[in-house]
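Colleague: Right, I'll just put the structure down here and ask away after.
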Amino acid sequence: MLGSPDPASVMAVGDSLPTDIAGATAAGITGVLVTGGIHAGDLGVRMGEAPAPEALARLCDAKGIWPSAAIPAFRW
């Protein structure tokens, strides 16, 4: 990261629980999971579709990793 930003002002966005979200957690920053990415099949969704909350909870429980938030897609 550039300089020493306040961790509360930094957010990581990614589609992988074991890499992106676990890394954000380890760094002490907010991690936002893109549910339409690599875990879409596990969640029963396509890019842009929101998963059932129960499906997301099951996946996170199974991986032992919880994002701060989840979004169905990320476009910029």
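Starting from 1 in every chain, residues are counted up; chains themselves are A, B, ... following the order of the structure tokens, and ligands are numbered from 1 as listed.
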Extract the full set of strand (DSSP E or B) residues from chain A according to DSSP on the backbone, and format it as a count of residues only.
Modeller: 12
Colleague: Could you name the residues that touch range 39-45 of chain A at 9 Å or less, counting only C-alpha atoms, but leaving out those on the same chain fewer than 6 positions away, as a PDB file with C-alpha atoms, in the first residue's frame?
Modeller:
```
ATOM      1  CA  ASP A  15     -13.864 -13.274  -5.709  1.00  0.00           C
ATOM      2  CA  SER A  16     -11.833 -15.814  -3.728  1.00  0.00           C
ATOM      3  CA  LEU A  17     -12.466 -16.553  -0.079  1.00  0.00           C
ATOM      4  CA  PRO A  51     -26.882 -15.765  -3.883  1.00  0.00           C
ATOM      5  CA  ALA A  52     -29.345 -16.903  -1.272  1.00  0.00           C
ATOM      6  CA  ALA A  55     -25.915 -20.497   0.425  1.00  0.00           C
ATOM      7  CA  LEU A  56     -23.369 -17.786   1.197  1.00  0.00           C
ATOM      8  CA  ARG A  58     -22.842 -22.384   4.096  1.00  0.00           C
ATOM      9  CA  LEU A  59     -19.893 -21.587   1.823  1.00  0.00           C
ATOM     10  CA  PRO A  72     -22.955 -10.040  -6.933  1.00  0.00           C
TER      11      PRO A  72
END
```
Colleague: Identify which of the residues A:Thr30, A:Ile65, A:Arg46, A:Gly36 lies closest to Val13 in chain A, counting only C-alpha atoms when measuring atom-to-atom distances.
Modeller: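 Once distances to Val13 in chain A are computed over only C-alpha atoms, the minimum belongs to A:Thr30.
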Colleague: I need the residues of range 26-64 of chain A that end up classed as helix (DSSP H, G or I) by DSSP on the backbone, written out as a VMD selection string.
Modeller: chain A and resid 26 to 27 40 to 43 53 to 63
Colleague: Can I get the selected residues back with C-alpha atoms, as a PDB file, in the first residue's frame?
Modeller:
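Resulting contents of again-v8.pdb:
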```pdb
ATOM      1  CA  ALA A  26      -5.053 -10.975   7.703  1.00  0.00           C
ATOM      2  CA  ALA A  27      -4.168  -7.398   6.724  1.00  0.00           C
ATOM      3  CA  ALA A  40     -20.515 -18.737  -8.361  1.00  0.00           C
ATOM      4  CA  GLY A  41     -20.999 -22.454  -9.002  1.00  0.00           C
ATOM      5  CA  ASP A  42     -20.822 -23.247  -5.296  1.00  0.00           C
ATOM      6  CA  LEU A  43     -23.399 -20.526  -4.661  1.00  0.00           C
ATOM      7  CA  PRO A  53     -28.046 -15.757   2.123  1.00  0.00           C
ATOM      8  CA  GLU A  54     -28.139 -19.371   3.318  1.00  0.00           C
ATOM      9  CA  ALA A  55     -25.915 -20.497   0.425  1.00  0.00           C
ATOM     10  CA  LEU A  56     -23.369 -17.786   1.197  1.00  0.00           C
ATOM     11  CA  ALA A  57     -23.420 -18.687   4.893  1.00  0.00           C
ATOM     12  CA  ARG A  58     -22.842 -22.384   4.096  1.00  0.00           C
ATOM     13  CA  LEU A  59     -19.893 -21.587   1.823  1.00  0.00           C
ATOM     14  CA  CYS A  60     -18.297 -19.242   4.347  1.00  0.00           C
ATOM     15  CA  ASP A  61     -18.809 -21.749   7.160  1.00  0.00           C
ATOM     16  CA  ALA A  62     -17.261 -24.511   5.032  1.00  0.00           C
ATOM     17  CA  LYS A  63     -14.207 -22.362   4.235  1.00  0.00           C
TER      18      LYS A  63
END
```
Colleague: Between CA of Pro7 in chain A and CA of Met47 in chain A, what is the spacing in Å?
Modeller: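 It comes out at 28.7 Å.
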Colleague: At what distance in Å, to one decimal, does CA of Ile38 in chain A lie from CA of Met11 in chain A?
Modeller: 19.4 Å
Colleague: Pick from A:Ala12, A:Ala50, A:Ile29, A:Val34: nearest to Ala73 in chain A, with only C-alpha atoms counted?
Modeller: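 Nearest to Ala73 in chain A: A:Val34.
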